[in-house]
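Below is the file data-v2.txt, which contains compact mmCIF, C-alpha atoms.
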# COMPACT_ATOMS: atom_id res chain seq x y z
CA MET A 1238 -76.48 44.53 -14.30
CA GLU A 1239 -78.03 42.71 -17.24
CA GLU A 1240 -74.77 42.93 -19.15
CA VAL A 1241 -72.86 41.41 -16.22
CA LEU A 1242 -75.40 38.61 -16.02
CA ASN A 1243 -75.04 37.93 -19.73
CA ILE A 1244 -71.25 37.79 -19.41
CA PHE A 1245 -71.59 35.37 -16.51
CA LEU A 1246 -74.05 33.12 -18.38
CA LYS A 1247 -72.02 33.09 -21.60
CA TYR A 1248 -68.43 32.94 -20.42
CA ILE A 1249 -68.28 31.85 -16.78
CA LEU A 1250 -71.26 29.57 -16.22
CA PRO A 1251 -70.06 26.83 -18.64
CA PHE A 1252 -66.80 26.49 -16.73
CA VAL A 1253 -68.63 26.55 -13.38
CA VAL A 1254 -70.90 23.74 -14.59
CA ALA A 1255 -67.90 21.78 -15.87
CA TRP A 1256 -66.14 22.26 -12.53
CA ILE A 1257 -69.20 21.06 -10.59
CA LEU A 1258 -69.61 18.02 -12.88
CA ASN A 1259 -65.94 17.14 -12.47
CA LEU A 1260 -66.26 17.56 -8.71
CA ILE A 1261 -69.25 15.19 -8.67
CA MET A 1262 -67.37 12.69 -10.83
CA GLY A 1263 -64.44 12.81 -8.40
CA LYS A 1264 -66.71 12.18 -5.41
CA VAL A 1265 -68.81 9.42 -6.98
CA PHE A 1266 -65.88 7.65 -8.63
CA SER A 1267 -63.28 7.99 -5.89
CA LYS A 1268 -59.92 6.19 -5.97
CA GLU A 1269 -61.16 3.73 -3.34
CA ARG A 1270 -64.16 2.72 -5.47
CA LEU A 1271 -62.13 2.48 -8.65
CA ARG A 1272 -59.22 0.55 -7.15
CA GLY A 1273 -58.42 -2.33 -9.47
CA LYS A 1274 -60.76 -1.03 -12.22
CA LEU A 1275 -58.30 0.45 -14.67
CA HIS A 1276 -60.77 0.85 -17.55
CA LEU A 1277 -63.17 2.92 -15.40
CA ILE A 1278 -60.36 5.14 -14.13
CA PHE A 1279 -59.27 5.94 -17.68
CA LEU A 1280 -62.90 6.45 -18.79
CA LYS A 1281 -63.38 8.88 -15.91
CA GLY A 1282 -60.42 10.94 -17.18
CA ILE A 1283 -61.86 11.07 -20.71
CA ILE A 1284 -65.31 12.19 -19.47
CA MET A 1285 -63.81 14.91 -17.28
CA ALA A 1286 -61.74 16.20 -20.21
CA PHE A 1287 -64.89 16.17 -22.35
CA PHE A 1288 -66.73 18.37 -19.82
CA TRP A 1289 -63.98 21.02 -20.01
CA ALA A 1290 -63.88 20.87 -23.81
CA VAL A 1291 -67.65 21.41 -24.07
CA ALA A 1292 -67.44 24.31 -21.60
CA ALA A 1293 -64.72 25.93 -23.71
CA LEU A 1294 -66.81 25.58 -26.88
CA PHE A 1295 -69.84 27.11 -25.18
CA ALA A 1296 -67.75 30.05 -23.95
CA LEU A 1297 -66.23 30.59 -27.41
CA SER A 1298 -69.65 30.49 -29.07
CA GLY A 1299 -70.66 33.49 -26.95
CA ILE A 1300 -67.92 35.63 -28.52
CA PRO A 1301 -69.15 37.37 -31.71
CA ALA A 1302 -66.03 36.38 -33.63
CA PHE A 1303 -66.70 32.78 -32.71
CA SER A 1304 -70.50 32.89 -32.92
CA LYS A 1305 -70.51 29.93 -35.29
CA THR A 1306 -68.02 27.86 -33.37
CA TRP A 1307 -70.12 24.71 -33.49
CA GLU A 1308 -70.81 24.93 -37.22
CA THR A 1309 -67.22 25.77 -37.98
CA ALA A 1310 -65.95 22.96 -35.76
CA LEU A 1311 -68.17 20.43 -37.49
CA ALA A 1312 -67.48 21.70 -41.00
CA SER A 1313 -63.72 21.75 -40.53
CA SER A 1314 -63.47 18.68 -38.31
CA GLY A 1315 -61.38 16.85 -40.93
CA ILE A 1316 -58.85 19.65 -41.25
CA VAL A 1317 -58.76 20.13 -37.49
CA ALA A 1318 -58.14 16.43 -36.99
CA VAL A 1319 -55.18 16.51 -39.39
CA VAL A 1320 -53.69 19.62 -37.79
CA ILE A 1321 -54.13 18.28 -34.26
CA GLY A 1322 -52.75 14.92 -35.30
CA LEU A 1323 -49.58 16.48 -36.71
CA ALA A 1324 -49.13 18.96 -33.86
CA ALA A 1325 -49.74 16.53 -31.02
CA GLN A 1326 -48.62 13.15 -32.23
CA SER A 1327 -46.95 12.17 -28.97
CA THR A 1328 -49.91 13.33 -26.87
CA LEU A 1329 -52.43 11.47 -29.00
CA SER A 1330 -50.28 8.35 -29.04
CA ASN A 1331 -50.29 8.45 -25.23
CA VAL A 1332 -54.09 8.82 -25.18
CA PHE A 1333 -54.70 5.96 -27.61
CA ALA A 1334 -52.14 3.78 -25.82
CA GLY A 1335 -53.94 4.51 -22.54
CA ILE A 1336 -57.25 3.49 -24.09
CA ALA A 1337 -55.74 0.25 -25.36
CA LEU A 1338 -54.18 -0.52 -21.96
CA SER A 1339 -57.34 0.15 -19.97
CA ALA A 1340 -59.94 -1.32 -22.34
CA SER A 1341 -58.24 -4.62 -23.11
CA ARG A 1342 -59.57 -7.69 -21.33
CA SER A 1343 -56.04 -9.01 -21.21
CA ARG A 1344 -54.60 -5.75 -19.89
CA PRO A 1345 -51.18 -6.25 -18.32
CA PHE A 1346 -51.95 -4.60 -14.96
CA ASP A 1347 -54.54 -2.96 -12.74
CA ILE A 1348 -54.31 -0.24 -10.12
CA GLY A 1349 -52.36 -1.56 -7.13
CA ASP A 1350 -50.38 -4.18 -9.07
CA ARG A 1351 -46.61 -4.28 -8.70
CA VAL A 1352 -44.96 -4.14 -12.11
CA ALA A 1353 -41.60 -3.68 -13.79
CA ILE A 1354 -41.68 -1.80 -17.11
CA ASP A 1355 -38.54 -2.44 -19.15
CA SER A 1356 -35.56 -1.04 -17.21
CA ILE A 1357 -37.67 1.21 -14.96
CA ASP A 1358 -37.51 0.40 -11.25
CA PRO A 1359 -40.35 -1.91 -10.14
CA GLY A 1360 -43.21 -0.25 -8.31
CA PHE A 1361 -46.95 -0.21 -7.70
CA VAL A 1362 -49.36 1.19 -10.30
CA GLU A 1363 -50.91 4.19 -8.56
CA ASP A 1364 -52.87 5.86 -11.37
CA ILE A 1365 -53.33 6.11 -15.13
CA THR A 1366 -54.23 9.39 -16.84
CA LEU A 1367 -54.78 10.43 -20.45
CA ARG A 1368 -51.06 10.98 -20.81
CA HIS A 1369 -49.12 8.78 -18.43
CA THR A 1370 -49.10 5.88 -15.97
CA VAL A 1371 -47.95 6.63 -12.41
CA ILE A 1372 -45.66 4.07 -10.72
CA LYS A 1373 -44.84 4.39 -7.01
CA THR A 1374 -41.63 2.69 -5.86
CA TYR A 1375 -40.68 1.38 -2.42
CA GLN A 1376 -38.65 4.57 -1.92
CA ASN A 1377 -41.90 6.57 -2.32
CA GLU A 1378 -40.70 7.87 -5.67
CA ARG A 1379 -43.36 8.46 -8.30
CA ILE A 1380 -42.35 7.59 -11.85
CA TYR A 1381 -44.50 9.07 -14.63
CA VAL A 1382 -44.25 6.77 -17.64
CA PRO A 1383 -45.87 7.91 -20.94
CA ASN A 1384 -48.66 5.55 -21.96
CA SER A 1385 -47.07 5.07 -25.38
CA THR A 1386 -43.93 3.76 -23.66
CA VAL A 1387 -45.98 1.43 -21.48
CA GLY A 1388 -47.92 0.16 -24.50
CA SER A 1389 -44.76 -0.92 -26.33
CA ALA A 1390 -42.74 -2.06 -23.31
CA THR A 1391 -42.09 -5.47 -21.84
CA ILE A 1392 -44.07 -5.58 -18.58
CA ILE A 1393 -43.50 -7.95 -15.68
CA ASN A 1394 -46.51 -8.19 -13.34
CA TYR A 1395 -45.63 -9.62 -9.95
CA THR A 1396 -49.13 -9.63 -8.45
CA GLN A 1397 -51.61 -11.01 -10.98
CA ASP A 1398 -51.42 -14.54 -9.60
CA ARG A 1399 -53.00 -15.53 -6.30
CA SER A 1400 -49.59 -15.70 -4.61
CA TYR A 1401 -45.98 -14.59 -4.97
CA SER A 1402 -42.78 -16.57 -4.47
CA PHE A 1403 -39.11 -15.71 -4.27
CA PRO A 1404 -36.12 -18.07 -3.88
CA ILE A 1405 -33.63 -18.20 -1.06
CA THR A 1406 -30.41 -20.19 -1.38
CA VAL A 1407 -28.18 -21.62 1.33
CA SER A 1408 -24.89 -23.50 0.98
CA VAL A 1409 -23.93 -26.41 3.24
CA ALA A 1410 -20.56 -28.07 3.63
CA TYR A 1411 -19.63 -31.35 1.97
CA GLY A 1412 -20.32 -34.27 4.30
CA THR A 1413 -23.59 -32.72 5.51
CA ASP A 1414 -26.73 -34.86 5.70
CA ILE A 1415 -28.35 -33.19 2.69
CA TYR A 1416 -31.83 -34.57 3.31
CA ARG A 1417 -31.78 -33.39 6.91
CA ALA A 1418 -30.76 -29.89 5.79
CA MET A 1419 -33.58 -29.92 3.20
CA ASP A 1420 -36.13 -30.95 5.84
CA ILE A 1421 -35.02 -28.14 8.16
CA MET A 1422 -35.40 -25.53 5.41
CA ALA A 1423 -38.85 -26.84 4.43
CA ASP A 1424 -39.97 -26.96 8.10
CA VAL A 1425 -38.88 -23.38 8.78
CA ILE A 1426 -40.72 -21.99 5.77
CA GLU A 1427 -43.85 -24.09 6.29
CA GLN A 1428 -44.13 -22.95 9.91
CA HIS A 1429 -43.86 -19.24 9.10
CA PRO A 1430 -47.25 -17.49 9.59
CA ASN A 1431 -47.04 -15.80 6.19
CA HIS A 1432 -46.35 -19.03 4.30
CA PHE A 1433 -48.96 -19.78 1.64
CA GLY A 1434 -49.61 -23.04 -0.17
CA ALA A 1435 -48.27 -26.56 0.23
CA ARG A 1436 -45.05 -27.63 1.91
CA PRO A 1437 -42.16 -26.13 -0.08
CA THR A 1438 -39.85 -28.31 -2.12
CA VAL A 1439 -36.13 -27.86 -1.49
CA LEU A 1440 -33.82 -28.57 -4.43
CA CYS A 1441 -30.12 -29.29 -4.64
CA LYS A 1442 -28.99 -26.77 -7.25
CA GLU A 1443 -25.21 -26.95 -7.34
CA ALA A 1444 -22.18 -28.82 -6.06
CA GLY A 1445 -19.72 -25.96 -5.93
CA GLU A 1446 -16.07 -25.62 -4.99
CA SER A 1447 -16.72 -25.01 -1.30
CA GLY A 1448 -20.18 -26.43 -0.68
CA ILE A 1449 -23.55 -27.69 -1.88
CA THR A 1450 -26.16 -25.10 -2.75
CA LEU A 1451 -29.77 -25.71 -1.69
CA ARG A 1452 -32.62 -23.62 -3.11
CA VAL A 1453 -36.25 -23.22 -2.01
CA LEU A 1454 -39.12 -20.89 -2.92
CA VAL A 1455 -40.78 -18.82 -0.19
CA GLU A 1456 -44.41 -18.33 -1.20
CA THR A 1457 -46.75 -15.73 0.32
CA ARG A 1458 -50.25 -14.58 -0.57
CA ASP A 1459 -49.29 -10.90 -0.76
CA PHE A 1460 -46.14 -9.61 -2.45
CA ARG A 1461 -45.65 -7.07 0.32
CA ASP A 1462 -45.18 -9.86 2.86
CA ASN A 1463 -42.56 -11.72 0.84
CA PRO A 1464 -39.34 -9.75 1.52
CA ARG A 1465 -39.86 -9.85 5.29
CA THR A 1466 -40.86 -13.52 5.18
CA CYS A 1467 -37.72 -14.43 3.20
CA SER A 1468 -35.57 -12.57 5.71
CA ASP A 1469 -37.24 -14.25 8.70
CA CYS A 1470 -36.91 -17.71 7.17
CA LEU A 1471 -33.25 -17.25 6.22
CA ILE A 1472 -32.35 -16.12 9.75
CA GLU A 1473 -34.26 -19.03 11.29
CA ILE A 1474 -32.63 -21.52 8.90
CA MET A 1475 -29.16 -20.31 9.93
CA LYS A 1476 -30.13 -20.69 13.61
CA ARG A 1477 -31.46 -24.22 13.04
CA PHE A 1478 -28.37 -25.21 11.06
CA LYS A 1479 -26.13 -24.01 13.89
CA ALA A 1480 -28.18 -25.93 16.46
CA GLU A 1481 -28.01 -29.08 14.32
CA GLY A 1482 -24.28 -28.74 13.70
CA ILE A 1483 -24.73 -28.12 9.97
CA GLU A 1484 -21.91 -25.98 8.65
CA ILE A 1485 -22.47 -23.14 6.19
CA PRO A 1486 -19.14 -22.87 4.33
CA TYR A 1487 -17.44 -19.57 3.69
CA ASN A 1488 -14.10 -18.49 2.30
CA LYS A 1489 -11.29 -18.35 4.86
CA LEU A 1490 -7.96 -16.59 4.53
CA VAL A 1491 -5.09 -18.33 6.31
CA VAL A 1492 -1.80 -16.47 6.64
CA LEU A 1493 1.27 -18.60 7.35
CA GLN A 1494 4.30 -16.81 8.73
CA GLY A 1495 7.54 -18.71 8.44
CA ASN A 1496 10.61 -18.35 10.68
CA GLU A 1497 13.77 -17.11 9.05
Could you quickly redo this structure as structure tokens?
Amino acid sequence: MEEVLNIFLKYILPFVVAWILNLIMGKVFSKERLRGKLHLIFLKGIIMAFFWAVAALFALSGIPAFSKTWETALASSGIVAVVIGLAAQSTLSNVFAGIALSASRSRPFDIGDRVAIDSIDPGFVEDITLRHTVIKTYQNERIYVPNSTVGSATIINYTQDRSYSFPITVSVAYGTDIYRAMDIMADVIEQHPNHFGARPTVLCKEAGESGITLRVLVETRDFRDNPRTCSDCLIEIMKRFKAEGIEIPYNKLVVLQGNE
């Protein structure tokens, strides 16, 4: 019985303690509490990994062959660092890149931000671990991007500002009252319940072959509202144009059939 107890205390108890500590960390620092606090999320991952590493060292020190694990680890820390560095260059680069991303005051994103990383599909930052950053797309796909890739990539953040805007363009036929068409577009967007900010400015962008192109930005407070708002406004603009007799030009194919 005493031997079983010793085995439990030496080899099992350290991992049980590490598991309990990690469980407590997960409860205290839940995803809801850490939302938007990227540096704390990454720090939580480092602390939890540290608990498991200490538990492993304690368990190894109970084995006679590893009775001087602590002394050996300290004495050979330089050699171990070199060996680990050579054997796990990519892993360590991900860890250090994650530290740089989470600790920087000017970090490019936080949890919940919508970002585009190089050519990777845009998505929302769901989590960051010691190895990778998790991006969730609109198609509910989760993309695991190595932190080293994120650290050296060009990142577009769509949600850091207080609002988000996206352009819609509409063409009108030559001979149209341009200022009336501009007023209609501005009115429609301004009256939408998701519109944010001042009255939008409509610009004349191009005098093309078949019509005049008008462009306006649809601004909303939340990025998630913007696609639907743009769609609603575009539909309403087409309805208003039809009611006002404003023509939206489009290519027509006319077939002439001659008599022989």
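Compared by their closest atoms to Arg1399 (chain A), and using all atoms listed in the file, the residues A:Val1439, A:Phe1433, A:Glu1446, A:Cys1470 rank with A:Phe1433 nearest.
Using all atoms listed in the file, the protein and nucleic acid residues lying no more than 12 Å from Gln1376 (chain A), apart from those fewer than 6 places from it along its own chain, are Asp1358, Pro1359, Gly1360 and Phe1361 of chain A.
Once all atoms listed in the file are considered, the residues situated within 12 Å of the file point (-47.0, -20.2, 6.8) turn out to be A:Ala1423, A:Asp1424, A:Val1425, A:Ile1426, A:Glu1427, A:Gln1428, A:His1429, A:Pro1430, A:Asn1431, A:His1432, A:Phe1433, A:Gly1434, A:Ala1435, A:Arg1436, A:Pro1437, A:Val1455, A:Glu1456, A:Thr1457, A:Arg1458, A:Asp1462, A:Asn1463, A:Thr1466, A:Cys1467, A:Asp1469, A:Cys1470.
Distance-wise, CA of Val1371 (chain A) and CA of Ile1392 (chain A) end up 14.2 Å apart.
Closest approach to Asp1398 (chain A) among A:Glu1378, A:Asp1459, A:Asp1420, A:Asp1364: A:Asp1459, based on only C-alpha atoms.
The interatomic distance for the pair CA of Glu1484 (chain A) and CA of Leu1440 (chain A) works out to 17.9 Å.
In this comparison, which uses all atoms listed in the file, the residue of A:Ser1389, A:Ser1408, A:Gln1494, A:Asn1331 approaching Asp1355 (chain A) most closely is A:Ser1389.
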### Summary
Taken to one decimal, the CA of Gly1388 (chain A)-CA of Ala1286 (chain A) distance is 21.6 Å
